[in-house]
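Each remark here refers to the structure printed beneath this line.
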Amino acid sequence: MSLILTTLAFLLMLAAAGFIYMTAIVNAEANRDDAIVSVPAIETDPDAFMRALAGAVSQHVLGGNEMTILQNGVEIFPALFDAMASARHAIHFSTFIYESGSVPTRFADALSAAARRGIEVRVILDSRGSKKIPPELVTQMCEAGCEVRWFRSVKWLTWARYNHRNHRKLLIVDGKLAFTGGVGIADEWDGDGDSPAHWRDTHVRIVGPAVAAVQAAFVDNWNEATGELPIHENVFPVLTPAGDVAICAIQSNPTSATSDARRSMAALIAGSGRRLWITNAYFIPTPPFLKALCDAKARGVDVKILMPGPYHDEPAVRRASRRTWPALLVGNVELYEFQPTMIHGKIVLVDGAVTSIGSINFDPRSFALNAEFGVVALDEEIAAQLEKAFVGDLARSRRVTGDDIRQLTAWQNLLGSPRGRIFWIRSAIGSAHNFSCNCEKSKVVGARC
């Protein structure tokens, strides 16, 4: 009995040491300051800003694109289904969230139908975010001919990487049409974002040269998950101009001291001169970003932050976010909480010209841990559409005031303390239920990690 107790105690100590180690590493990465020494002002020279941004994130500004804004599931899912139905060569799909329900079933049906008619279908599911997918849906897709792969299942030799998730939301059809944004595959994203059961979110549809950048992000994940590089001509076809929108892709893979997601956010804030409106589902700015936002307000920028309110899907995030409110309120930054439902968008609007949209949250996970993807677009019409939507969302929101801080109880303050902010590394110690797709045997093998 004593041997058993000793072994259990040792295992608990080992787990605690691992947790503390991962917490320390992540906090060190998250608190890095990417100070912008100088940047072209978006208001006076947006083209120069886009070139500077592209240099900062090792990308190119790709002109000649058509970009369509899709609001909520009522617009997003029909567009995704129509695109998959029209595929002629290949469908590439990557998601963080894939659960059970009507939307997930319809999505699996659409992918399966495409594979049965001879389309190459490749699917990447994050092993943490998609752990609730019904195994029968994976079986169905595999038996139809889809190649389904899991991103970073936990393994003994790579356990430390399990905390680095694939948070990208990508759909690319025939290498010529792409979608990205904040939407996952679950019933919460269905509907029109007007009730607690139907979340508020935004996606974009892209046609033109920038589709190659979205495809490159998918190939990056596929290569890690499989060791394969699908780069034939149907994957990267010749792309011709389709519109007037200039786009810089943000393909973020945090592997060193910083990330392109964090650099892009720092540049957008520093480049703002008149208006900086941010919608973000998981808003936990680190001290360097708190200073950057307050500095923007101090130089005369209209800084507004829109966050989820009472229907937040991660209450710990809301509590952690509250710890950043006093500094922002002192700096006169306007904070708002969306009231009707969970708002899941990740959008930055700057000076009526530049727009950022994708999967990038304003939190340490996105900046220091996750593989993310977003697009920064230079187009006044796109910016005007999203500004109109932002104003509409503000009308359904409640402004945060100093009274909200003063009314917090001691217990709420404790839960929202810096220790409470470690919610975003909980995946490092959690178990995930993964299903591996073996298309040769046409069955699913369940694995508890």
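Labels for the structure tokens follow display order: chains A, B, ..., residues from 1 in each chain, ligands from 1.
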#### Entry: In region 236-434 of chain A, DSSP strand (DSSP E) residues written as number ranges by chain
A: 245-252, 275-280, 302-308, 334-338, 346-350, 354-358, 372-378, 397-399, 433-434
### Message
Can you pull out the residues contacting region 351-360 of chain A? Cut-off 6 Å, using only C-alpha atoms, and skip same-chain residues under 3 positions away; I want them as an MDAnalysis selection string.
### Response
chainID A and resid 43 168 180:182 274:275 346:348 366 372:380 383
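Using only C-alpha atoms, the contacts of region 258-265 of chain A at a cut-off of 7 Å, with sequence neighbours closer than 4 positions omitted, comprise Asp34, Leu53, Ala56, Val57, Ile250, Gln251, Ser252, Asn253, Pro254, Ile269, Ile360, Phe367 and Ala368 of chain A.
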Interface rows for region 202-281 of chain A against region 326-342 of chain A: nearest pair, Å to one decimal, 10 Å, only C-alpha atoms, as CSV:
residue,atom,partner,partner_atom,distance
A:Trp277,CA,A:Glu334,CA,9.6
A:Ile278,CA,A:Leu335,CA,9.8
A:Thr279,CA,A:Tyr336,CA,9.5
A:Ala281,CA,A:Met342,CA,7.9
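Between Gly184 (chain A) and the residues A:His312, A:His198, A:Arg51, A:Lys169, the shortest atom-to-atom distance, using only C-alpha atoms, involves A:Lys169.
Distance check against Leu62 (chain A) using only C-alpha atoms: of A:Lys131, A:Cys248, A:Leu171, A:Glu147, the minimum falls on A:Cys248.
Taking CA of Glu120 (chain A) and CA of His167 (chain A) as endpoints, the distance between them is 22.9 Å.
With distances restricted to only C-alpha atoms, A:Leu70 is the closest residue to Ile206 (chain A) from A:Ala292, A:Leu268, A:Ala110, A:Leu70.
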### Query
Hey, which of A:Ala267, A:Ile124, A:Leu349, A:Ala85 ends up closest to Ser112 (chain A)? Count only C-alpha atoms.
A:Ala85
